[in-house]
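J.: I'd like to ask some things about the structure below.
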Amino acid sequence: MISALLDANVLYPAPIRDLLLSLAEDDLFKPFWSNEIHQEWKRNLLKNRPDLDPSRIDRTIYLMNQAFPDALIEGYESRIEQLSLKDSDDRHVLAAAMEANANYLVTANLKDFKLPNFQIDSVKVIHPDAFVIKLISLNPIAVFGSFEKLVSRLKNPPQSKADVLGTLVKCDLPETARVLALMQGKWNA
């Protein structure tokens, strides 16, 4: 099974987080993260949305860790100093991906993960849009089923598939939205 470490910038936006966790819930990939990644997305979300209750975010993190008990990576700290990245604050993300033996590091921040191949020969850095497209290419029916379940769970407020696809475009997943829309048209015709 494909495995992927999810960076804070793909956990921060709820629509991307919800889509990726729905796909993981349906065993389309095995997710990983660290406490440091959780704290990073929580801190950034609260900085941009001070109206949010921190305990609700803590509950989300708790539920994620409960739903995916093997996802939380620890023991990666010794790898950090060996890594050299454009932004040294991102080294913990790559170190956690390496510790997890993840196939992918899913991040919207591709530019900061450009480094010599010898450092990440086992981890492919990939944008979340390209990652979901990869999953679609491997199992289109299962991915579309996960998408449909995700839409059916959105009740406050309820959203249509078109609403969710529009949100994915706004969240910088245009190819994912395009392909899911094509699949919907094909299978609902």
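Just so we're on the same page: first chain in the structure tokens is A, next is B, and so on; residues restart at 1 for each chain, and ligands are numbered from 1 in the order they show up.
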Would you tabulate, counting only C-alpha atoms, all residues of range 149-178 of chain A that have an atom at most 12 Å from an atom of range 94-108 of chain A, showing the closest pair of atoms and their distance in Å to one decimal, sorted by chain then ascending number, as a tab-separated table?

T.:
residue	atom	partner	partner_atom	distance
A:Cys171	CA	A:Ala108	CA	10.1
A:Asp172	CA	A:Ala108	CA	8.7
A:Leu173	CA	A:Ala108	CA	10.0

J.: Let's see if you can do this: from backbone DSSP, list all strand (DSSP E) residues in chain A, as a list in words.

T.: Ser3, Ala4, Leu5, Leu6, Lys30, Pro31, Phe32, Tyr104, Leu105, Val106, Lys124, Val125 and Ile126 of chain A

J.: Quick check, in Å to one decimal: how far apart do CA of Thr167 in chain A and CA of Val151 in chain A lie?

T.: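 Between these atoms lies a distance of 11.6 Å.
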
J.: Just the residues within 12 Å of Asn9 in chain A, please, counting only C-alpha atoms, with nothing from its chain fewer than 2 positions along; format it as a PyMOL selection string.

T.: chain A and resi 5-7+11-17+33+37-45+90+93+105-110+127-128+171-172

J.: When you count only C-alpha atoms, which of these residues is closest to Met64 in chain A: A:Val132, A:Val179, A:Leu21, A:Leu165?

T.: A:Leu21

J.: Mind pulling up the distance from CA of Pro157 in chain A to CA of Ala71 in chain A?

T.: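 CA of Ala71 in chain A sits 29.2 Å away from CA of Pro157 in chain A.
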
J.: DSSP on the backbone: what in range 9-165 of chain A comes out alpha helix (DSSP H), as a ChimeraX atom specification?

T.: /A:9-11,14-25,35-48,54-67,77-80,91-99,128-138,140-153,161-165

J.: To one decimal place in Å, what is the distance between CA of Leu150 in chain A and CA of Ser22 in chain A?

T.: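 Separating CA of Leu150 in chain A from CA of Ser22 in chain A is a distance of 6.5 Å.
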
J.: List the spatial neighbours of Gln82 in chain A as a ChimeraX atom specification - criterion: any atom at most 9 Å away, only C-alpha atoms, same-chain residues fewer than 3 positions off excluded.

T.: /A:78-79,91,95,119

J.: Restricted to N, CA, C and O atoms, what would the selected residues look like written as a PDB file, in the first residue's frame?

T.:
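The file below, again.pdb, is the result:
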ATOM      1  N   SER A  78      16.539  12.619  15.396  1.00  0.00           N
ATOM      2  CA  SER A  78      17.974  12.453  15.142  1.00  0.00           C
ATOM      3  C   SER A  78      18.319  12.632  13.659  1.00  0.00           C
ATOM      4  O   SER A  78      19.475  12.893  13.323  1.00  0.00           O
ATOM      5  N   ARG A  79      17.349  12.541  12.784  1.00  0.00           N
ATOM      6  CA  ARG A  79      17.581  12.713  11.348  1.00  0.00           C
ATOM      7  C   ARG A  79      17.645  14.189  10.931  1.00  0.00           C
ATOM      8  O   ARG A  79      18.176  14.512   9.879  1.00  0.00           O
ATOM      9  N   ARG A  91      12.825  20.803   7.874  1.00  0.00           N
ATOM     10  CA  ARG A  91      13.596  19.562   7.995  1.00  0.00           C
ATOM     11  C   ARG A  91      12.864  18.502   8.807  1.00  0.00           C
ATOM     12  O   ARG A  91      12.959  17.315   8.505  1.00  0.00           O
ATOM     13  N   ALA A  95      12.339  14.623   7.779  1.00  0.00           N
ATOM     14  CA  ALA A  95      12.863  13.623   8.711  1.00  0.00           C
ATOM     15  C   ALA A  95      11.756  12.652   9.138  1.00  0.00           C
ATOM     16  O   ALA A  95      11.982  11.433   9.210  1.00  0.00           O
ATOM     17  N   GLN A 119      19.514  12.559  -0.602  1.00  0.00           N
ATOM     18  CA  GLN A 119      18.900  12.758   0.700  1.00  0.00           C
ATOM     19  C   GLN A 119      17.480  12.203   0.785  1.00  0.00           C
ATOM     20  O   GLN A 119      17.011  11.909   1.857  1.00  0.00           O
TER      21      GLN A 119
END

J.: Pick out the residues sitting within 8 Å of Phe144 in chain A, and hand them over as a list in words; count only C-alpha atoms, and ignore anything fewer than 3 positions along from it in its own chain.

T.: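 My list of contacting residues is Ile136, Pro140, Ile141, Phe147, Glu148, Leu180, Met183 and Gln184 of chain A.
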
J.: Selection from above, all heavy atoms, as a compact mmCIF listing (two decimals), in the first residue's frame, can you write it?

T.:
# COMPACT_ATOMS: atom_id res chain seq x y z
N ILE A 136 -6.18 8.27 -7.99
CA ILE A 136 -7.25 8.04 -8.98
C ILE A 136 -6.76 7.10 -10.07
O ILE A 136 -7.47 6.18 -10.48
CB ILE A 136 -7.75 9.37 -9.58
CG1 ILE A 136 -8.53 10.17 -8.53
CG2 ILE A 136 -8.62 9.12 -10.81
CD1 ILE A 136 -8.89 11.60 -8.95
N PRO A 140 -9.67 4.32 -9.62
CA PRO A 140 -10.63 5.41 -9.82
C PRO A 140 -11.98 5.16 -9.15
O PRO A 140 -12.56 6.09 -8.58
CB PRO A 140 -10.78 5.50 -11.35
CG PRO A 140 -10.22 4.23 -11.89
CD PRO A 140 -9.24 3.71 -10.88
N ILE A 141 -12.47 3.95 -9.17
CA ILE A 141 -13.79 3.67 -8.58
C ILE A 141 -13.76 3.90 -7.07
O ILE A 141 -14.66 4.52 -6.50
CB ILE A 141 -14.25 2.24 -8.93
CG1 ILE A 141 -14.50 2.15 -10.44
CG2 ILE A 141 -15.49 1.85 -8.14
CD1 ILE A 141 -14.73 0.75 -10.96
N PHE A 147 -14.94 10.04 -2.40
CA PHE A 147 -15.41 11.41 -2.64
C PHE A 147 -16.91 11.51 -2.36
O PHE A 147 -17.37 12.43 -1.69
CB PHE A 147 -15.07 11.84 -4.07
CG PHE A 147 -15.72 13.12 -4.49
CD1 PHE A 147 -15.31 14.33 -3.96
CD2 PHE A 147 -16.75 13.12 -5.41
CE1 PHE A 147 -15.91 15.52 -4.35
CE2 PHE A 147 -17.36 14.30 -5.81
CZ PHE A 147 -16.94 15.50 -5.27
N GLU A 148 -17.68 10.54 -2.86
CA GLU A 148 -19.12 10.55 -2.63
C GLU A 148 -19.46 10.44 -1.14
O GLU A 148 -20.37 11.12 -0.66
CB GLU A 148 -19.80 9.43 -3.42
CG GLU A 148 -19.85 9.70 -4.91
CD GLU A 148 -20.62 8.65 -5.68
OE1 GLU A 148 -20.38 7.43 -5.43
OE2 GLU A 148 -21.45 9.02 -6.51
N LEU A 180 -12.51 14.37 -11.01
CA LEU A 180 -13.70 13.88 -10.28
C LEU A 180 -14.98 14.32 -10.96
O LEU A 180 -15.95 13.56 -11.03
CB LEU A 180 -13.67 14.36 -8.83
CG LEU A 180 -12.62 13.70 -7.92
CD1 LEU A 180 -12.57 14.41 -6.57
CD2 LEU A 180 -12.91 12.21 -7.73
N MET A 183 -15.45 12.07 -13.91
CA MET A 183 -15.90 10.75 -13.45
C MET A 183 -17.38 10.79 -13.07
O MET A 183 -18.13 9.88 -13.40
CB MET A 183 -15.06 10.30 -12.26
CG MET A 183 -13.61 10.03 -12.61
SD MET A 183 -12.52 9.91 -11.17
CE MET A 183 -13.01 8.32 -10.54
N GLN A 184 -17.79 11.87 -12.41
CA GLN A 184 -19.19 12.00 -12.02
C GLN A 184 -20.08 12.04 -13.26
O GLN A 184 -21.09 11.37 -13.31
CB GLN A 184 -19.38 13.29 -11.20
CG GLN A 184 -20.81 13.54 -10.82
CD GLN A 184 -20.97 14.83 -10.04
OE1 GLN A 184 -20.06 15.27 -9.37
NE2 GLN A 184 -22.14 15.41 -10.12

J.: Using only C-alpha atoms, which residue out of A:Ala8, A:Ile57, A:Ile73, A:Ala181 lies closest to Leu168 in chain A?

T.: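 When distances to Leu168 in chain A are compared using only C-alpha atoms, the smallest one comes from A:Ala181.
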